[in-house]
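Student: Data: coords26.tsv, TSV, C-alpha atoms.
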chain	number	residue	atom	x	y	z
A	28	MET	CA	110.58	99.73	91.35
A	29	ARG	CA	110.60	100.58	95.09
A	30	CYS	CA	113.43	98.10	95.68
A	31	ILE	CA	115.54	99.67	92.93
A	32	CYS	CA	114.94	103.17	94.34
A	33	GLN	CA	115.94	102.04	97.83
A	34	HIS	CA	119.18	100.57	96.53
A	35	VAL	CA	119.94	103.72	94.55
A	36	ILE	CA	119.38	105.88	97.68
A	37	ALA	CA	121.49	103.51	99.79
A	38	ALA	CA	124.32	103.41	97.25
A	39	GLY	CA	124.20	107.19	96.87
A	40	LEU	CA	124.44	107.81	100.63
A	41	LEU	CA	127.36	105.39	100.94
A	42	ALA	CA	129.13	106.98	97.96
A	43	ILE	CA	128.65	110.52	99.29
A	44	VAL	CA	130.13	109.67	102.67
A	45	ALA	CA	133.04	107.77	101.11
A	46	ALA	CA	133.90	110.60	98.69
A	47	LEU	CA	133.91	113.50	101.16
A	48	PRO	CA	137.19	114.80	102.55
A	49	ALA	CA	137.78	114.33	106.27
A	50	ARG	CA	137.87	117.36	108.55
A	51	ALA	CA	140.34	116.15	111.17
A	52	GLU	CA	139.68	118.96	113.64
A	53	GLU	CA	136.09	117.89	114.27
A	54	PRO	CA	135.58	115.32	117.02
A	55	LEU	CA	133.10	113.29	114.93
A	56	GLY	CA	134.39	112.04	111.60
A	57	LEU	CA	132.44	111.25	108.48
A	58	GLY	CA	130.02	108.38	108.70
A	59	TYR	CA	127.12	107.01	110.68
A	60	TRP	CA	126.70	107.85	114.37
A	61	ALA	CA	124.52	106.78	117.30
A	62	PHE	CA	124.03	109.17	120.22
A	63	PRO	CA	123.33	107.06	123.33
A	64	HIS	CA	122.67	108.98	126.54
A	65	GLU	CA	124.98	106.76	128.61
A	66	ALA	CA	128.68	106.11	128.11
A	67	GLY	CA	130.12	102.60	127.89
A	68	LYS	CA	127.48	100.89	125.76
A	69	THR	CA	128.36	97.38	124.60
A	70	PRO	CA	128.82	96.65	120.89
A	71	ALA	CA	125.44	94.87	120.87
A	72	GLU	CA	123.75	97.90	122.47
A	73	ILE	CA	125.33	100.26	119.91
A	74	ASP	CA	124.24	97.96	117.08
A	75	ALA	CA	120.67	97.94	118.45
A	76	SER	CA	120.70	101.74	118.85
A	77	CYS	CA	121.80	102.24	115.24
A	78	ARG	CA	118.93	100.03	114.09
A	79	THR	CA	116.41	102.48	115.60
A	80	GLY	CA	118.03	105.82	114.77
A	81	PHE	CA	121.29	107.35	113.57
A	82	SER	CA	122.84	110.46	112.08
A	83	ILE	CA	125.10	110.74	109.05
A	84	ASN	CA	128.01	113.18	109.07
A	85	LEU	CA	128.20	114.07	105.37
A	86	GLY	CA	131.14	116.44	105.86
A	87	GLY	CA	131.43	120.17	105.37
A	88	GLY	CA	129.15	120.73	108.37
A	89	HIS	CA	126.22	118.81	106.89
A	90	TRP	CA	124.31	116.17	108.83
A	91	MET	CA	121.13	114.15	108.28
A	92	SER	CA	119.36	112.06	110.88
A	93	PHE	CA	117.00	109.14	110.47
A	94	LEU	CA	114.60	107.54	112.91
A	95	LEU	CA	112.60	104.32	112.77
A	96	GLU	CA	108.99	105.35	113.28
A	97	ASN	CA	106.05	102.94	113.02
A	98	GLY	CA	108.21	100.40	111.19
A	99	ARG	CA	109.37	102.93	108.59
A	100	TRP	CA	112.64	104.87	108.34
A	101	ILE	CA	112.09	108.60	108.12
A	102	ASN	CA	114.39	111.60	107.82
A	103	ASP	CA	113.82	113.58	111.02
A	104	GLY	CA	116.56	116.20	110.79
A	105	ILE	CA	118.78	118.13	108.40
A	106	ASP	CA	121.62	120.18	109.88
A	107	ALA	CA	124.07	122.77	108.53
A	108	CYS	CA	126.78	123.37	111.12
A	109	THR	CA	129.94	125.35	111.65
A	110	TYR	CA	132.67	124.05	113.92
A	111	ASP	CA	134.77	126.19	116.24
A	112	ALA	CA	137.86	124.07	116.95
A	113	ALA	CA	139.12	126.40	119.72
A	114	ALA	CA	135.87	125.97	121.67
A	115	SER	CA	135.22	122.40	120.43
A	116	THR	CA	131.69	123.53	119.57
A	117	HIS	CA	129.25	122.95	116.71
A	118	THR	CA	126.69	125.66	116.03
A	119	CYS	CA	123.94	124.37	113.77
A	120	SER	CA	120.91	125.62	111.89
A	121	LEU	CA	118.59	122.70	111.49
A	122	ARG	CA	115.23	121.57	110.25
A	123	TYR	CA	113.96	119.11	112.78
A	124	TRP	CA	110.81	116.99	112.91
A	125	GLN	CA	109.27	117.55	116.31
A	126	ASN	CA	105.72	117.32	117.63
A	127	GLY	CA	104.36	116.32	114.22
A	128	ALA	CA	105.80	119.19	112.15
A	129	TRP	CA	109.05	120.51	110.69
A	130	GLY	CA	110.58	123.37	112.60
A	131	ASP	CA	113.65	125.53	112.18
A	132	TYR	CA	115.99	125.59	115.17
A	133	GLU	CA	119.41	126.70	116.28
A	134	ALA	CA	121.48	124.24	118.29
A	135	THR	CA	124.87	124.36	119.97
A	136	THR	CA	126.84	121.24	120.83
A	137	VAL	CA	129.91	121.36	123.06
A	138	TYR	CA	132.27	118.36	122.85
A	139	SER	CA	134.68	117.07	125.46
A	140	THR	CA	136.74	113.91	125.84
A	141	ASP	CA	137.46	112.07	129.07
A	142	ALA	CA	140.78	110.47	130.02
A	143	SER	CA	139.83	107.20	128.32
A	144	GLY	CA	138.99	108.95	125.03
A	145	VAL	CA	135.19	108.78	125.32
A	146	ILE	CA	133.54	111.71	123.53
A	147	LYS	CA	130.77	113.55	125.37
A	148	ALA	CA	128.39	115.87	123.52
A	149	GLU	CA	126.23	118.44	125.32
A	150	ALA	CA	123.66	119.68	122.81
A	151	THR	CA	121.37	122.62	123.56
A	152	LEU	CA	118.23	122.94	121.43
A	153	ALA	CA	115.23	125.12	122.25
A	154	GLY	CA	116.60	125.84	125.71
A	155	GLN	CA	117.09	122.20	126.68
A	156	THR	CA	120.48	120.53	127.01
A	157	ASN	CA	120.88	116.81	126.33
A	158	VAL	CA	124.02	114.81	127.00
A	159	SER	CA	125.04	111.99	124.68
A	160	TYR	CA	128.11	109.90	123.93
A	161	PRO	CA	128.55	109.80	120.12
A	162	THR	CA	129.57	106.36	118.90
A	163	PRO	CA	130.17	105.14	115.33
A	164	CYS	CA	127.53	102.73	114.07
A	165	PRO	CA	128.67	99.26	112.98
A	166	ILE	CA	128.62	99.06	109.20
A	167	GLU	CA	126.57	95.83	109.36
A	168	ALA	CA	123.73	97.65	111.11
A	169	ILE	CA	123.82	100.47	108.54
A	170	ARG	CA	123.86	98.04	105.60
A	171	ASP	CA	120.77	96.30	107.01
A	172	VAL	CA	118.99	99.63	107.57
A	173	LEU	CA	119.79	100.87	104.07
A	174	ALA	CA	118.55	97.59	102.60
A	175	GLU	CA	115.19	98.24	104.33
A	176	GLY	CA	114.97	101.63	102.63
A	177	LEU	CA	114.92	105.19	103.89
A	178	SER	CA	112.29	107.83	103.28
A	179	PRO	CA	114.25	110.91	102.09
A	180	LEU	CA	111.88	113.48	103.63
A	181	ARG	CA	108.58	113.41	105.47
Just give me the structure of the file as C-alpha cells.

Tutor:
Amino acid sequence: MRCICQHVIAAGLLAIVAALPARAEEPLGLGYWAFPHEAGKTPAEIDASCRTGFSINLGGGHWMSFLLENGRWINDGIDACTYDAAASTHTCSLRYWQNGAWGDYEATTVYSTDASGVIKAEATLAGQTNVSYPTPCPIEAIRDVLAEGLSPLR
C-alpha cells in the first residue's frame, strides 16, 4: 500500500508541474530547483545536491521544499509568493520547519544575473540573508527521489 501511495504522490507532483502555465517574467521557471551556495557547480554536484534537498516551483507563486532528514524525505517548507518583475524580487509568506517546529515567516528574495547568465538569489528570512545560485535539478535525480517516496507534511 505504501508503494502505491508513493507512486500516486510522485505522479501527482509531476502532473501538477507539467500542467501549470509558465510565468516567463520570473527568473525561476516551473520545476525542481537546487539552491547551492556557490556558483559553478558541476552536473554531478548539482545531481548530488538535488538528492539531499530541493524545491518545487508549482507556479502561481507557490513553492514546496523537501529535505532528506534521517534517511526520510520530509516537506520542510510551503511558500506563497508574489513576484515584482520591476525589482526582480519575490516576497513570500511561508511555513518553514526550523528548530524542530513549524513557524510562519516572511521572506524576500532579490534575483540578479551575471554576464554569463548565472542567476544569483539573495534571500532574507528572519533578519538573515543567504546567497544561493538556483539551478534546475536533473530529472533523473528527481525521479529517483520520488521513487523513494516523500512525506507530504511533518

Student: Rounded to one decimal in Å, what is the spacing between atom CA of Trp129 of chain A and atom CA of Ala148 of chain A?

Tutor: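 A separation of 23.7 Å between them.
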
Student: Would you kindly return, as an mmCIF file with C-alpha atoms, keeping the file's coordinate frame, each protein, DNA or RNA residue with an atom no farther than 8 Å from any atom of Trp124 of chain A, considering only C-alpha atoms and excluding same-chain residues fewer than 6 positions away?

Tutor:
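This is the output file result02.cif:
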data_model
loop_
_atom_site.group_PDB
_atom_site.id
_atom_site.type_symbol
_atom_site.label_atom_id
_atom_site.label_comp_id
_atom_site.auth_asym_id
_atom_site.auth_seq_id
_atom_site.Cartn_x
_atom_site.Cartn_y
_atom_site.Cartn_z
ATOM 1 C CA ASP A 103 113.820 113.580 111.020
ATOM 2 C CA GLY A 104 116.560 116.200 110.790
ATOM 3 C CA GLY A 130 110.580 123.370 112.600
#

Student: May I have the residues within 12 Å of Met91 of chain A as a PyMOL selection string, using only C-alpha atoms and disregarding those fewer than 2 positions away in the same chain?

Tutor: chain A and resi 40+44+57-60+80-86+88-89+93-94+101-108+119+121-124+177-180

Student: Give the answer as one residue: which of A:Ala75, A:Leu95, A:Ala128, A:Ala134 has the shortest atom-to-atom distance to Glu175 of chain A, using all atoms listed in the file?

Tutor: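 Of all the options, A:Leu95 lies closest to Glu175 of chain A.
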
Student: Tell me which of A:Gln155, A:Ser115, A:Trp90, A:Glu72 sits closest to Thr140 of chain A, counting only C-alpha atoms.

Tutor: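 Once distances to Thr140 of chain A are computed over only C-alpha atoms, the minimum belongs to A:Ser115.
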
Student: How many Å lie between atom CA of Phe62 of chain A and atom CA of Ser143 of chain A, rounded to one decimal?

Tutor: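 Separation between atom CA of Phe62 of chain A and atom CA of Ser143 of chain A: 17.9 Å.
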
Student: Any idea what the distance is between atom CA of Pro63 of chain A and atom CA of Ser76 of chain A?

Tutor: 7.4 Å

Student: Which protein, DNA or RNA residues have an atom at most 7 Å from (131.2, 120.1, 127.6), counting all atoms listed in the file? List them as a PyMOL selection string.

Tutor: chain A and resi 137-139+147-149

Student: I want to know what sits within 10 Å of Asp111 of chain A, based on only C-alpha atoms, with residues of the same chain fewer than 6 positions away left out; could you give that as a list of chain:residue names?

Tutor: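 In the requested format, the answer is A:Glu52, A:Glu53, A:His117, A:Thr118, A:Val137.
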
Student: Of the candidates A:His64, A:Asp141, A:Leu55, A:Asp171, which one gets nearest to Val158 of chain A if we count all atoms listed in the file?

Tutor: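 With all atoms listed in the file as the atom set, the closest residue is A:His64.
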
Student: Calculated over only C-alpha atoms, which of the candidates A:Ala113, A:Ile166, A:Ala153, A:Leu173 has the smallest distance to Ala61 of chain A?

Tutor: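 Distance minimum relative to Ala61 of chain A lands on A:Ile166.
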
Student: Give the answer as one residue: which of A:Gly154, A:Arg170, A:Glu133, A:Tyr160 has the shortest atom-to-atom distance to Glu65 of chain A, using all atoms listed in the file?

Tutor: A:Tyr160

Student: I'd like to know which of A:Gly87, A:Gly144, A:Pro163, A:Pro70 is closest to Tyr110 of chain A, using all atoms listed in the file.

Tutor: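 So, comparing all the options, the nearest one is A:Gly87.
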
Student: Would you place a box with edges along x, y and z of the file around all atoms of segment 160-172 of chain A listed there, add 6 Å to each of its six sides, and report the centre and edge lengths in Å to one decimal, as AutoDock Vina command-line options?

Tutor:
--center_x 124.6 --center_y 102.9 --center_z 114.8 --size_x 23.2 --size_y 26.1 --size_z 30.3
